[in-house]
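Single-structure report; data block below.
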Amino acid sequence: MSFFSFGQTAEIDVVLNDAETRKKAEHKTEDGKKDKYFLFYDGETVSGKVNVTLKNPGKRLEHQGIKVEFIGQIELYYDRGNHHEFVSLVKDLARPGEMAQSQTFDFEFTHVEKPYESYTGQNVKLRYFLRATISRRLNDVCKEMDIVVHTLSTYPELNTSIKMEVGIEDCLHIEFEYNKSKYHLKDVIVGKIYFLLVRIKIKHMEIDIIKRETTGTGPNVYHENDTIAKYEIMDGAPVRGESIPIRLFLAGYEMTPTMRDVNKKFSVRYYLNLVLIDEEERRYFKQQEITLWRKGDIVRKSMSHQAAIASQRFEGSASAEKALSQAKEDDN
């Protein structure tokens, strides 16, 4: 590389202006490990500096321009290399020319729209990142820096309880009820199960939380089910008229908000799955979808207005005025 660039090479680095104070969030990488990244919300400004450091002082660096990009993209693992960008912003930092010494360039992307939550799944990845590039004739010098985006919501106005029945004619009749259908990520699922008719010997009952990731469209749709939690309700035979309470704490599990038809590429949905097993090892299922959302009361003061804007994207959320007043109450 140094031969073709007449002895000069450069390193490029991206630094956020508020790197010392900005909160970080854990996020799972593609290989299943967790790492910490700077956390942003929809509508927040992304600003910082691009540092270009020349490795050989006294020698000039020829370039075809220097730029920084803010990108939001979706990558489907079965279609690798074909990235679907839903946000693409560019700032030109320097025109084509020569650099005689190391330089620092400021950049700012104001009130950037970040409509979706960062997500790494079984078959899909949604990521946001900054990319700084020194364009060269032969080979560009690039540096990427990933960030994490969380989508915030207000309490949904419509949050009806869930009532369902499981029945086998003349053998089994069970009613179960959950207190609501929409839960924030640190919520508690409260419910009750009533045994109205029991003529088969049930030996075990549990509730599972299942995450279903759907990718692709038409004939190329892939479903990936993952059991997030198993909660044992009962071990032993119930009798008619008995009722069993349920309390399932969500805070201990790794879950994301429900994502429906994200950029027409993928969905992530969650289900409560009631499982009954009788003494002959036969299994009976009843499944119900629930909606998960990220509570907005963790927002910093500087984020109140932007969080209110973001909350409007949640299905069934309150008006902008109500969201803004809630954000202000959270600050106080």
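Letters A, B, ... go to the chains of the structure tokens in the order shown; residues in each chain start at 1; ligands are counted from 1 in the same order.
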- request: Mind the document's chain letters and residue numbers, and return as a ChimeraX atom specification the residues of range 185-262 of chain A that DSSP labels strand (DSSP E).
  value: /A:188-198,202-215,222-235,243-249,259-262
Could you give me, as a tab-separated table, a per-residue list for range 160-271 of chain A showing, wherever an atom lies at most 10 Å from an atom of range 76-83 of chain A, the closest pair of atoms and their distance in Å to one decimal, using only C-alpha atoms and sorting by chain then residue number from low to high?
```
residue	atom	partner	partner_atom	distance
A:Thr215	CA	A:Leu76	CA	7.7
A:Gly216	CA	A:Leu76	CA	8.2
A:Tyr222	CA	A:Tyr78	CA	9.8
A:Lys265	CA	A:Leu76	CA	8.2
A:Phe266	CA	A:Leu76	CA	8.8
```
- request: May I have the residues within 9 Å of Glu30 in chain A as a ChimeraX atom specification, using only C-alpha atoms and disregarding those fewer than 2 positions away in the same chain?
  value: /A:28,32-33,120-122,125
query: Which value, in Å to one decimal, gives the distance between CA of Glu254 in chain A and CA of Glu224 in chain A?
result: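 Pair CA of Glu254 in chain A / CA of Glu224 in chain A returns 16.2 Å.
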Selection: 10 Å around Arg136 in chain A, only C-alpha atoms, excl. self and same-chain fewer than 4 positions, as a PyMOL selection string: chain A and resi 5+61-66+96+140-141
So that I have them on file, write out the residues from the current selection with N, CA and C atoms, as a PDB file, in the first residue's frame.
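Final output, again09.pdb:
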```
ATOM      1  N   SER A   5       0.987   4.480  -2.767  1.00  0.00           N
ATOM      2  CA  SER A   5       0.572   5.802  -2.303  1.00  0.00           C
ATOM      3  C   SER A   5       1.790   6.681  -2.040  1.00  0.00           C
ATOM      4  N   LEU A  61      -0.606  12.977   1.410  1.00  0.00           N
ATOM      5  CA  LEU A  61      -1.575  11.911   1.125  1.00  0.00           C
ATOM      6  C   LEU A  61      -2.540  12.409   0.048  1.00  0.00           C
ATOM      7  N   GLU A  62      -2.513  11.739  -1.082  1.00  0.00           N
ATOM      8  CA  GLU A  62      -3.471  12.084  -2.134  1.00  0.00           C
ATOM      9  C   GLU A  62      -4.782  11.345  -1.888  1.00  0.00           C
ATOM     10  N   HIS A  63      -5.904  12.036  -2.084  1.00  0.00           N
ATOM     11  CA  HIS A  63      -7.206  11.399  -1.893  1.00  0.00           C
ATOM     12  C   HIS A  63      -8.224  11.988  -2.863  1.00  0.00           C
ATOM     13  N   GLN A  64      -9.315  11.244  -3.033  1.00  0.00           N
ATOM     14  CA  GLN A  64     -10.401  11.666  -3.936  1.00  0.00           C
ATOM     15  C   GLN A  64     -11.586  12.235  -3.159  1.00  0.00           C
ATOM     16  N   GLY A  65     -11.362  12.589  -1.901  1.00  0.00           N
ATOM     17  CA  GLY A  65     -12.419  13.141  -1.060  1.00  0.00           C
ATOM     18  C   GLY A  65     -12.543  12.365   0.250  1.00  0.00           C
ATOM     19  N   ILE A  66     -13.026  13.047   1.286  1.00  0.00           N
ATOM     20  CA  ILE A  66     -13.246  12.426   2.601  1.00  0.00           C
ATOM     21  C   ILE A  66     -14.701  12.677   2.985  1.00  0.00           C
ATOM     22  N   PRO A  96     -11.574  16.451  -3.102  1.00  0.00           N
ATOM     23  CA  PRO A  96     -10.361  15.750  -3.568  1.00  0.00           C
ATOM     24  C   PRO A  96      -9.145  16.674  -3.522  1.00  0.00           C
ATOM     25  N   ASP A 140      -9.797   2.392  -0.786  1.00  0.00           N
ATOM     26  CA  ASP A 140     -10.303   3.357   0.184  1.00  0.00           C
ATOM     27  C   ASP A 140      -9.875   2.972   1.596  1.00  0.00           C
ATOM     28  N   VAL A 141      -9.774   3.991   2.456  1.00  0.00           N
ATOM     29  CA  VAL A 141      -9.533   3.759   3.886  1.00  0.00           C
ATOM     30  C   VAL A 141     -10.847   4.040   4.599  1.00  0.00           C
TER      31      VAL A 141
END
```
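Restricting the calculation to only C-alpha atoms, the smallest distance between Arg212 in chain A and any of A:Lys67, A:Arg269, A:Lys55, A:Lys91 is found for A:Arg269.
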Each range 15-123 of chain A residue no farther than 12 Å from range 153-169 of chain A, nearest pair in Å, only C-alpha atoms, as a Markdown table:
```
| residue | atom | partner | partner_atom | distance |
| --- | --- | --- | --- | --- |
| A:Tyr41 | CA | A:Ser153 | CA | 11.2 |
| A:Asp42 | CA | A:Ser153 | CA | 11.1 |
| A:Glu117 | CA | A:Ser153 | CA | 11.7 |
```
Just the selected residues (N, CA, C and O atoms), exported as a PDB file, in the first residue's frame, please.
```pdb
ATOM      1  N   TYR A  41     -31.663   7.392  20.518  1.00  0.00           N
ATOM      2  CA  TYR A  41     -33.105   7.276  20.310  1.00  0.00           C
ATOM      3  C   TYR A  41     -33.488   8.001  19.019  1.00  0.00           C
ATOM      4  O   TYR A  41     -32.723   8.811  18.493  1.00  0.00           O
ATOM      5  N   ASP A  42     -34.685   7.701  18.551  1.00  0.00           N
ATOM      6  CA  ASP A  42     -35.190   8.355  17.343  1.00  0.00           C
ATOM      7  C   ASP A  42     -35.208   9.872  17.533  1.00  0.00           C
ATOM      8  O   ASP A  42     -35.613  10.375  18.586  1.00  0.00           O
ATOM      9  N   GLU A 117     -35.822  -0.354  15.958  1.00  0.00           N
ATOM     10  CA  GLU A 117     -34.898  -0.755  17.018  1.00  0.00           C
ATOM     11  C   GLU A 117     -33.774  -1.622  16.436  1.00  0.00           C
ATOM     12  O   GLU A 117     -33.999  -2.443  15.528  1.00  0.00           O
TER      13      GLU A 117
END
```
- request: Would you mind telling me which residue in A:Ala19, A:Thr214, A:Val14, A:Lys59 lies nearest to Phe129 in chain A when using only C-alpha atoms?
  value: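 Answer, going by the shortest atom-to-atom distance: A:Val14.
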field: Glu175 in chain A environment, 12 Å, only C-alpha atoms, sequence neighbours closer than 4 positions dropped, as a PyMOL selection string
entry: chain A and resi 162-167+191-198+240-244+274+286
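Minimum distance to Gln101 in chain A across A:Gly48, A:Gly252, A:Pro57, A:Pro245 (counting only C-alpha atoms) occurs at A:Pro57.
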Atom-to-atom span, CA of Asp261 in chain A and CA of Thr217 in chain A, Å: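 One can read the CA of Asp261 in chain A to CA of Thr217 in chain A distance as 10.2 Å.
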query: Using only C-alpha atoms, which residue out of A:Ala94, A:Val52, A:Val149, A:Ile134 lies closest to Tyr37 in chain A?
result: A:Val149
- request: Extract, using only C-alpha atoms, all DNA, RNA and protein residues at most 12 Å from Lys114 in chain A, discarding same-chain residues fewer than 6 positions from it, and format them as an MDAnalysis selection string.
  value: chainID A and resid 39:46 70:73 85:89 126:129 147:152 306:307 309:310 313
- prompt: By how many Å are CA of Thr104 in chain A and CA of Glu20 in chain A apart?
  reply: 18.5 Å
query: From the list A:Tyr183, A:Tyr116, A:Phe285, A:Tyr253, which residue is nearest Ile207 in chain A when using only C-alpha atoms?
result: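 Of A:Tyr183, A:Tyr116, A:Phe285, A:Tyr253, the one nearest Ile207 in chain A, counting only C-alpha atoms, is A:Phe285.
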message: Using DSSP assignments from the backbone, pull out every residue in range 160-321 of chain A that falls under alpha helix (DSSP H) and give it to me as a ChimeraX atom specification.
response: /A:304-311,320-321
